file model_28.pdb (PDB, N, CA and C atoms)
ATOM      1  N   MET A   1      15.963   1.196  29.655
ATOM      2  CA  MET A   1      16.440   1.640  28.372
ATOM      3  C   MET A   1      15.546   1.105  27.251
ATOM      4  N   LYS A   2      15.161  -0.193  27.343
ATOM      5  CA  LYS A   2      14.323  -0.783  26.305
ATOM      6  C   LYS A   2      12.946  -0.136  26.275
ATOM      7  N   ARG A   3      12.419   0.224  27.432
ATOM      8  CA  ARG A   3      11.117   0.891  27.481
ATOM      9  C   ARG A   3      11.167   2.233  26.776
ATOM     10  N   LYS A   4      12.257   2.935  26.968
ATOM     11  CA  LYS A   4      12.398   4.246  26.323
ATOM     12  C   LYS A   4      12.464   4.089  24.808
ATOM     13  N   ILE A   5      13.194   3.081  24.334
ATOM     14  CA  ILE A   5      13.290   2.830  22.893
ATOM     15  C   ILE A   5      11.928   2.452  22.334
ATOM     16  N   LEU A   6      11.227   1.562  23.054
ATOM     17  CA  LEU A   6       9.901   1.143  22.624
ATOM     18  C   LEU A   6       8.941   2.330  22.593
ATOM     19  N   LYS A   7       9.006   3.154  23.618
ATOM     20  CA  LYS A   7       8.135   4.319  23.705
ATOM     21  C   LYS A   7       8.405   5.274  22.545
ATOM     22  N   ASN A   8       9.669   5.496  22.228
ATOM     23  CA  ASN A   8      10.019   6.385  21.117
ATOM     24  C   ASN A   8       9.556   5.818  19.774
ATOM     25  N   ARG A   9       9.710   4.505  19.600
ATOM     26  CA  ARG A   9       9.253   3.873  18.352
ATOM     27  C   ARG A   9       7.749   3.983  18.203
ATOM     28  N   LEU A  10       7.034   3.741  19.294
ATOM     29  CA  LEU A  10       5.576   3.836  19.246
ATOM     30  C   LEU A  10       5.124   5.263  18.946
ATOM     31  N   LYS A  11       5.783   6.239  19.550
ATOM     32  CA  LYS A  11       5.447   7.638  19.275
ATOM     33  C   LYS A  11       5.653   7.962  17.799
ATOM     34  N   LYS A  12       6.742   7.466  17.249
ATOM     35  CA  LYS A  12       7.052   7.723  15.846
ATOM     36  C   LYS A  12       6.002   7.099  14.932
ATOM     37  N   ILE A  13       5.633   5.843  15.208
ATOM     38  CA  ILE A  13       4.639   5.149  14.394
ATOM     39  C   ILE A  13       3.289   5.848  14.482
ATOM     40  N   ILE A  14       2.892   6.207  15.676
ATOM     41  CA  ILE A  14       1.600   6.873  15.866
ATOM     42  C   ILE A  14       1.578   8.219  15.156
ATOM     43  N   SER A  15       2.658   8.975  15.254
ATOM     44  CA  SER A  15       2.686  10.283  14.594
ATOM     45  C   SER A  15       2.664  10.140  13.075
ATOM     46  N   GLU A  16       3.329   9.102  12.536
ATOM     47  CA  GLU A  16       3.301   8.871  11.089
ATOM     48  C   GLU A  16       1.895   8.514  10.619
ATOM     49  N   VAL A  17       1.201   7.673  11.377
ATOM     50  CA  VAL A  17      -0.157   7.282  11.014
ATOM     51  C   VAL A  17      -1.086   8.489  11.064
ATOM     52  N   MET A  18      -0.973   9.288  12.093
ATOM     53  CA  MET A  18      -1.820  10.477  12.226
ATOM     54  C   MET A  18      -1.525  11.481  11.124
ATOM     55  N   LEU A  19      -0.276  11.627  10.769
ATOM     56  CA  LEU A  19       0.106  12.553   9.708
ATOM     57  C   LEU A  19      -0.467  12.105   8.367
ATOM     58  N   LYS A  20      -0.421  10.807   8.098
ATOM     59  CA  LYS A  20      -0.966  10.284   6.842
ATOM     60  C   LYS A  20      -2.469  10.507   6.774
ATOM     61  N   GLU A  21      -3.166  10.322   7.891
ATOM     62  CA  GLU A  21      -4.617  10.497   7.898
ATOM     63  C   GLU A  21      -5.000  11.953   7.729
ATOM     64  N   ASP A  22      -4.241  12.850   8.334
ATOM     65  CA  ASP A  22      -4.558  14.276   8.271
ATOM     66  C   ASP A  22      -4.253  14.879   6.908
ATOM     67  N   HIS A  23      -3.221  14.415   6.256
ATOM     68  CA  HIS A  23      -2.772  15.021   5.003
ATOM     69  C   HIS A  23      -2.760  14.008   3.875
ATOM     70  N   GLU A  24      -3.843  13.281   3.740
ATOM     71  CA  GLU A  24      -3.897  12.274   2.689
ATOM     72  C   GLU A  24      -3.929  12.961   1.332
ATOM     73  N   GLU A  25      -3.009  12.549   0.471
ATOM     74  CA  GLU A  25      -2.947  13.127  -0.861
ATOM     75  C   GLU A  25      -3.975  12.457  -1.758
ATOM     76  N   LEU A  26      -4.538  13.249  -2.650
ATOM     77  CA  LEU A  26      -5.539  12.737  -3.567
ATOM     78  C   LEU A  26      -5.044  12.853  -4.998
ATOM     79  N   HIS A  27      -5.580  12.013  -5.852
ATOM     80  CA  HIS A  27      -5.227  11.990  -7.265
ATOM     81  C   HIS A  27      -6.513  11.905  -8.074
ATOM     82  N   ARG A  28      -6.615  12.746  -9.094
ATOM     83  CA  ARG A  28      -7.770  12.673  -9.981
ATOM     84  C   ARG A  28      -7.392  11.807 -11.167
ATOM     85  N   ASN A  29      -8.089  10.678 -11.309
ATOM     86  CA  ASN A  29      -7.728   9.762 -12.390
ATOM     87  C   ASN A  29      -8.324  10.226 -13.716
ATOM     88  N   ILE A  30      -8.045   9.509 -14.758
ATOM     89  CA  ILE A  30      -8.398   9.918 -16.116
ATOM     90  C   ILE A  30      -9.907  10.046 -16.323
ATOM     91  N   SER A  31     -10.687   9.307 -15.537
ATOM     92  CA  SER A  31     -12.146   9.384 -15.654
ATOM     93  C   SER A  31     -12.734  10.525 -14.833
ATOM     94  N   GLY A  32     -11.898  11.230 -14.074
ATOM     95  CA  GLY A  32     -12.367  12.360 -13.274
ATOM     96  C   GLY A  32     -12.653  12.009 -11.827
ATOM     97  N   GLU A  33     -12.545  10.745 -11.483
ATOM     98  CA  GLU A  33     -12.793  10.298 -10.119
ATOM     99  C   GLU A  33     -11.577  10.605  -9.248
ATOM    100  N   THR A  34     -11.808  11.056  -8.023
ATOM    101  CA  THR A  34     -10.732  11.354  -7.093
ATOM    102  C   THR A  34     -10.466  10.119  -6.230
ATOM    103  N   VAL A  35      -9.204   9.680  -6.234
ATOM    104  CA  VAL A  35      -8.813   8.514  -5.440
ATOM    105  C   VAL A  35      -7.618   8.882  -4.571
ATOM    106  N   SER A  36      -7.369   8.073  -3.570
ATOM    107  CA  SER A  36      -6.235   8.293  -2.680
ATOM    108  C   SER A  36      -4.935   7.959  -3.405
ATOM    109  N   MET A  37      -3.874   8.705  -3.088
ATOM    110  CA  MET A  37      -2.560   8.446  -3.685
ATOM    111  C   MET A  37      -2.023   7.077  -3.296
ATOM    112  N   CYS A  38      -2.475   6.522  -2.183
ATOM    113  CA  CYS A  38      -1.966   5.227  -1.746
ATOM    114  C   CYS A  38      -2.858   4.073  -2.207
ATOM    115  N   SER A  39      -3.729   4.330  -3.172
ATOM    116  CA  SER A  39      -4.605   3.268  -3.670
ATOM    117  C   SER A  39      -4.029   2.626  -4.932
ATOM    118  N   PRO A  40      -4.352   1.369  -5.170
ATOM    119  CA  PRO A  40      -3.893   0.698  -6.395
ATOM    120  C   PRO A  40      -4.456   1.359  -7.656
ATOM    121  N   GLU A  41      -5.639   1.962  -7.544
ATOM    122  CA  GLU A  41      -6.239   2.648  -8.690
ATOM    123  C   GLU A  41      -5.371   3.815  -9.142
ATOM    124  N   CYS A  42      -4.751   4.495  -8.202
ATOM    125  CA  CYS A  42      -3.874   5.621  -8.525
ATOM    126  C   CYS A  42      -2.655   5.134  -9.309
ATOM    127  N   VAL A  43      -2.037   4.073  -8.838
ATOM    128  CA  VAL A  43      -0.862   3.526  -9.518
ATOM    129  C   VAL A  43      -1.227   3.082 -10.930
ATOM    130  N   GLU A  44      -2.343   2.394 -11.053
ATOM    131  CA  GLU A  44      -2.785   1.918 -12.361
ATOM    132  C   GLU A  44      -3.031   3.086 -13.318
ATOM    133  N   ASP A  45      -3.686   4.135 -12.828
ATOM    134  CA  ASP A  45      -3.962   5.309 -13.659
ATOM    135  C   ASP A  45      -2.674   6.006 -14.079
ATOM    136  N   LEU A  46      -1.740   6.163 -13.158
ATOM    137  CA  LEU A  46      -0.482   6.824 -13.486
ATOM    138  C   LEU A  46       0.327   6.016 -14.499
ATOM    139  N   GLN A  47       0.321   4.697 -14.366
ATOM    140  CA  GLN A  47       1.030   3.862 -15.337
ATOM    141  C   GLN A  47       0.397   3.987 -16.727
ATOM    142  N   PHE A  48      -0.934   4.044 -16.776
ATOM    143  CA  PHE A  48      -1.621   4.236 -18.052
ATOM    144  C   PHE A  48      -1.243   5.584 -18.667
ATOM    145  N   ARG A  49      -1.248   6.638 -17.851
ATOM    146  CA  ARG A  49      -0.902   7.969 -18.357
ATOM    147  C   ARG A  49       0.544   8.031 -18.855
ATOM    148  N   ILE A  50       1.445   7.373 -18.139
ATOM    149  CA  ILE A  50       2.854   7.359 -18.554
ATOM    150  C   ILE A  50       2.999   6.659 -19.900
ATOM    151  N   ASP A  51       2.343   5.519 -20.058
ATOM    152  CA  ASP A  51       2.413   4.797 -21.331
ATOM    153  C   ASP A  51       1.840   5.635 -22.470
ATOM    154  N   ASP A  52       0.712   6.269 -22.222
ATOM    155  CA  ASP A  52       0.068   7.097 -23.242
ATOM    156  C   ASP A  52       0.940   8.295 -23.616
ATOM    157  N   THR A  53       1.507   8.956 -22.622
ATOM    158  CA  THR A  53       2.363  10.116 -22.867
ATOM    159  C   THR A  53       3.641   9.708 -23.588
ATOM    160  N   ARG A  54       4.185   8.558 -23.223
ATOM    161  CA  ARG A  54       5.400   8.078 -23.879
ATOM    162  C   ARG A  54       5.149   7.835 -25.365
ATOM    163  N   GLN A  55       3.991   7.263 -25.697
ATOM    164  CA  GLN A  55       3.656   7.032 -27.104
ATOM    165  C   GLN A  55       3.535   8.353 -27.861
ATOM    166  N   ASP A  56       2.888   9.351 -27.246
ATOM    167  CA  ASP A  56       2.766  10.667 -27.882
ATOM    168  C   ASP A  56       4.127  11.320 -28.052
ATOM    169  N   ARG A  57       4.991  11.176 -27.070
ATOM    170  CA  ARG A  57       6.316  11.772 -27.137
ATOM    171  C   ARG A  57       7.158  11.134 -28.246
ATOM    172  N   ASP A  58       7.049   9.834 -28.390
ATOM    173  CA  ASP A  58       7.855   9.132 -29.378
ATOM    174  C   ASP A  58       7.489   9.515 -30.815
ATOM    175  N   ILE A  59       6.296  10.026 -31.030
ATOM    176  CA  ILE A  59       5.874  10.481 -32.353
ATOM    177  C   ILE A  59       6.591  11.785 -32.731
ATOM    178  N   CYS A  60       6.903  12.604 -31.721
ATOM    179  CA  CYS A  60       7.511  13.914 -31.967
ATOM    180  C   CYS A  60       8.974  13.769 -32.392
ATOM    181  N   SER A  61       9.415  14.693 -33.233
ATOM    182  CA  SER A  61      10.819  14.718 -33.654
ATOM    183  C   SER A  61      11.695  15.170 -32.495
ATOM    184  N   LYS A  62      12.928  14.673 -32.485
ATOM    185  CA  LYS A  62      13.862  15.070 -31.428
ATOM    186  C   LYS A  62      14.193  16.544 -31.557
ATOM    187  N   GLY A  63      14.314  17.206 -30.405
ATOM    188  CA  GLY A  63      14.691  18.606 -30.372
ATOM    189  C   GLY A  63      13.529  19.574 -30.538
ATOM    190  N   THR A  64      12.308  19.071 -30.657
ATOM    191  CA  THR A  64      11.162  19.963 -30.807
ATOM    192  C   THR A  64      10.612  20.365 -29.441
ATOM    193  N   ASP A  65       9.864  21.462 -29.438
ATOM    194  CA  ASP A  65       9.248  21.923 -28.189
ATOM    195  C   ASP A  65       8.230  20.903 -27.667
ATOM    196  N   SER A  66       7.542  20.254 -28.571
ATOM    197  CA  SER A  66       6.540  19.259 -28.159
ATOM    198  C   SER A  66       7.201  18.104 -27.412
ATOM    199  N   ARG A  67       8.325  17.644 -27.926
ATOM    200  CA  ARG A  67       9.027  16.538 -27.274
ATOM    201  C   ARG A  67       9.538  16.963 -25.903
ATOM    202  N   THR A  68      10.031  18.184 -25.790
ATOM    203  CA  THR A  68      10.481  18.713 -24.502
ATOM    204  C   THR A  68       9.328  18.772 -23.503
ATOM    205  N   TYR A  69       8.168  19.197 -23.993
ATOM    206  CA  TYR A  69       6.978  19.254 -23.144
ATOM    207  C   TYR A  69       6.620  17.863 -22.619
ATOM    208  N   TYR A  70       6.574  16.885 -23.518
ATOM    209  CA  TYR A  70       6.221  15.527 -23.109
ATOM    210  C   TYR A  70       7.262  14.939 -22.156
ATOM    211  N   ASN A  71       8.533  15.238 -22.357
ATOM    212  CA  ASN A  71       9.573  14.761 -21.435
ATOM    213  C   ASN A  71       9.360  15.340 -20.042
ATOM    214  N   GLY A  72       9.000  16.616 -19.958
ATOM    215  CA  GLY A  72       8.713  17.236 -18.662
ATOM    216  C   GLY A  72       7.503  16.607 -17.999
ATOM    217  N   LEU A  73       6.472  16.368 -18.803
ATOM    218  CA  LEU A  73       5.258  15.737 -18.279
ATOM    219  C   LEU A  73       5.550  14.321 -17.780
ATOM    220  N   LEU A  74       6.343  13.577 -18.532
ATOM    221  CA  LEU A  74       6.730  12.226 -18.100
ATOM    222  C   LEU A  74       7.501  12.272 -16.788
ATOM    223  N   ASN A  75       8.361  13.247 -16.634
ATOM    224  CA  ASN A  75       9.128  13.394 -15.397
ATOM    225  C   ASN A  75       8.187  13.589 -14.207
ATOM    226  N   VAL A  76       7.197  14.451 -14.361
ATOM    227  CA  VAL A  76       6.237  14.716 -13.282
ATOM    228  C   VAL A  76       5.413  13.465 -12.976
ATOM    229  N   LEU A  77       4.944  12.793 -14.013
ATOM    230  CA  LEU A  77       4.135  11.584 -13.805
ATOM    231  C   LEU A  77       4.933  10.477 -13.122
ATOM    232  N   ARG A  78       6.189  10.319 -13.499
ATOM    233  CA  ARG A  78       7.022   9.280 -12.877
ATOM    234  C   ARG A  78       7.280   9.578 -11.407
ATOM    235  N   LYS A  79       7.504  10.845 -11.073
ATOM    236  CA  LYS A  79       7.693  11.221  -9.661
ATOM    237  C   LYS A  79       6.435  10.917  -8.853
ATOM    238  N   LYS A  80       5.291  11.255  -9.428
ATOM    239  CA  LYS A  80       4.027  11.005  -8.746
ATOM    240  C   LYS A  80       3.795   9.500  -8.569
ATOM    241  N   LEU A  81       4.166   8.711  -9.578
ATOM    242  CA  LEU A  81       4.033   7.259  -9.485
ATOM    243  C   LEU A  81       4.925   6.699  -8.380
ATOM    244  N   ARG A  82       6.168   7.156  -8.309
ATOM    245  CA  ARG A  82       7.075   6.684  -7.244
ATOM    246  C   ARG A  82       6.533   7.042  -5.866
ATOM    247  N   ARG A  83       5.986   8.245  -5.731
ATOM    248  CA  ARG A  83       5.425   8.661  -4.442
ATOM    249  C   ARG A  83       4.236   7.786  -4.080
ATOM    250  N   SER A  84       3.376   7.498  -5.048
ATOM    251  CA  SER A  84       2.213   6.654  -4.801
ATOM    252  C   SER A  84       2.627   5.235  -4.420
ATOM    253  N   GLN A  85       3.629   4.695  -5.111
ATOM    254  CA  GLN A  85       4.113   3.349  -4.787
ATOM    255  C   GLN A  85       4.745   3.310  -3.405
ATOM    256  N   LYS A  86       5.431   4.375  -3.042
ATOM    257  CA  LYS A  86       6.061   4.444  -1.721
ATOM    258  C   LYS A  86       4.995   4.481  -0.619
ATOM    259  N   LEU A  87       3.903   5.190  -0.859
ATOM    260  CA  LEU A  87       2.826   5.264   0.124
ATOM    261  C   LEU A  87       2.144   3.913   0.306
ATOM    262  N   GLN A  88       2.184   3.071  -0.715
ATOM    263  CA  GLN A  88       1.549   1.755  -0.633
ATOM    264  C   GLN A  88       2.405   0.723   0.066
ATOM    265  N   SER A  89       3.709   0.964   0.143
ATOM    266  CA  SER A  89       4.581  -0.033   0.744
ATOM    267  C   SER A  89       4.255  -0.195   2.226
ATOM    268  N   PRO A  90       4.230  -1.438   2.707
ATOM    269  CA  PRO A  90       3.873  -1.678   4.105
ATOM    270  C   PRO A  90       4.929  -1.141   5.065
ATOM    271  N   VAL A  91       4.463  -0.685   6.229
ATOM    272  CA  VAL A  91       5.361  -0.189   7.256
ATOM    273  C   VAL A  91       5.943  -1.379   8.005
ATOM    274  N   LYS A  92       7.260  -1.400   8.138
ATOM    275  CA  LYS A  92       7.925  -2.500   8.837
ATOM    276  C   LYS A  92       8.032  -2.121  10.315
ATOM    277  N   VAL A  93       7.448  -2.949  11.162
ATOM    278  CA  VAL A  93       7.470  -2.708  12.600
ATOM    279  C   VAL A  93       8.128  -3.897  13.275
ATOM    280  N   THR A  94       9.102  -3.618  14.121
ATOM    281  CA  THR A  94       9.772  -4.654  14.878
ATOM    282  C   THR A  94       9.117  -4.750  16.244
ATOM    283  N   VAL A  95       8.687  -5.942  16.627
ATOM    284  CA  VAL A  95       8.042  -6.150  17.914
ATOM    285  C   VAL A  95       9.107  -6.541  18.937
ATOM    286  N   ILE A  96       9.111  -5.836  20.048
ATOM    287  CA  ILE A  96      10.046  -6.134  21.126
ATOM    288  C   ILE A  96       9.253  -6.873  22.211
ATOM    289  N   ASP A  97       9.596  -8.136  22.422
ATOM    290  CA  ASP A  97       8.849  -8.962  23.367
ATOM    291  C   ASP A  97       9.283  -8.717  24.812
ATOM    292  N   ASP A  98      10.566  -8.534  25.021
ATOM    293  CA  ASP A  98      11.090  -8.435  26.374
ATOM    294  C   ASP A  98      11.220  -6.970  26.791
ATOM    295  N   ILE A  99      10.331  -6.520  27.649
ATOM    296  CA  ILE A  99      10.420  -5.176  28.183
ATOM    297  C   ILE A  99      10.932  -5.303  29.608
ATOM    298  N   GLY A 100      12.162  -4.840  29.803
ATOM    299  CA  GLY A 100      12.779  -5.058  31.106
ATOM    300  C   GLY A 100      13.054  -3.878  31.872
TER     301      GLY A 100
END

call {"tool": "encode", "arguments": {"input": "model_28.pdb", "output": "structure tokens"}}
result
Amino acid sequence: MKRKILKNRLKKIISEVMLKEDHEELHRNISGETVSMCSPECVEDLQFRIDDTRQDRDICSKGTDSRTYYNGLLNVLRKKLRRSQKLQSPVKVTVIDDIG
């Protein structure tokens, strides 16, 4: 039973790693350079863009089309930031010592 569980866990981990390598998401940062979504440079760039967009949005009057536009843009940037941060989080693997 433990071998089957271990085998299934290993299959899952291997398939996740292969999937990440095959479909690596890319992000074009503010300087035009393309970086991986799971890189610290991506997170840093997205945080800079969010701060910059937030400042532009705060200048706009409430209820204007410009403010609505910036709110939508902030929503997209925040989602992308969360996805990038999630890709950077380490994978937790439990090691099973006793295979019986």

call {"tool": "atom_distance", "arguments": {"input": "model_28.pdb", "atom1": "atom CA of Asp58 of chain A", "atom2": "atom C of Gln85 of chain A"}}
result
26.8 Å

call {"tool": "atom_distance", "arguments": {"input": "model_28.pdb", "atom1": "atom CA of Thr64 of chain A", "atom2": "atom CA of Lys80 of chain A"}}
result
24.9 Å

call {"tool": "atom_distance", "arguments": {"input": "model_28.pdb", "atom1": "atom CA of Phe48 of chain A", "atom2": "atom CA of Glu24 of chain A"}}
result
22.4 Å

call {"tool": "resolve_selection", "arguments": {"input": "model_28.pdb", "expression": "the PyMOL selection byres (((chain A and resi 46 and name CA) around 8) and name CA)", "output": "PyMOL selection string"}}
result
chain A and resi 29+42-45+47-50+77-78+80-81

call {"tool": "closest_residue", "arguments": {"input": "model_28.pdb", "among": "A:Cys60, A:Leu26, A:Cys38, A:Ile14", "to": "Gln88 of chain A", "atoms": "all atoms listed in the file"}}
result
A:Cys38

call {"tool": "residues_near_point", "arguments": {"input": "model_28.pdb", "point": "(6.3, 18.4, -28.5)", "cutoff": "6.5 Å", "atoms": "all atoms listed in the file", "output": "JSON, numbers by chain"}}
result
{"A": [60, 64, 65, 66, 67, 68, 69, 70]}

call {"tool": "axis_aligned_box", "arguments": {"input": "model_28.pdb", "around": "segment 24-34 of chain A", "padding_each_side": "8 Å", "output": "JSON"}}
result
{"center_x": -7.9, "center_y": 11.3, "center_z": -6.3, "size_x": 25.8, "size_y": 20.0, "size_z": 36.1}

call {"tool": "closest_residue", "arguments": {"input": "model_28.pdb", "among": "A:Thr53, A:Asn8, A:Ser31, A:Ser61", "to": "Asn75 of chain A", "atoms": "only C-alpha atoms"}}
result
A:Thr53

call {"tool": "select_by_dssp", "arguments": {"input": "model_28.pdb", "residues": "segment 19-62 of chain A", "states": "alpha helix (DSSP H)", "output": "list of chain:residue names"}}
result
A:Leu19, A:Lys20, A:Glu21, A:Asp22, A:Pro40, A:Glu41, A:Cys42, A:Val43, A:Glu44, A:Asp45, A:Leu46, A:Gln47, A:Phe48, A:Arg49, A:Ile50, A:Asp51, A:Asp52, A:Thr53, A:Arg54, A:Gln55, A:Asp56, A:Arg57, A:Asp58, A:Ile59
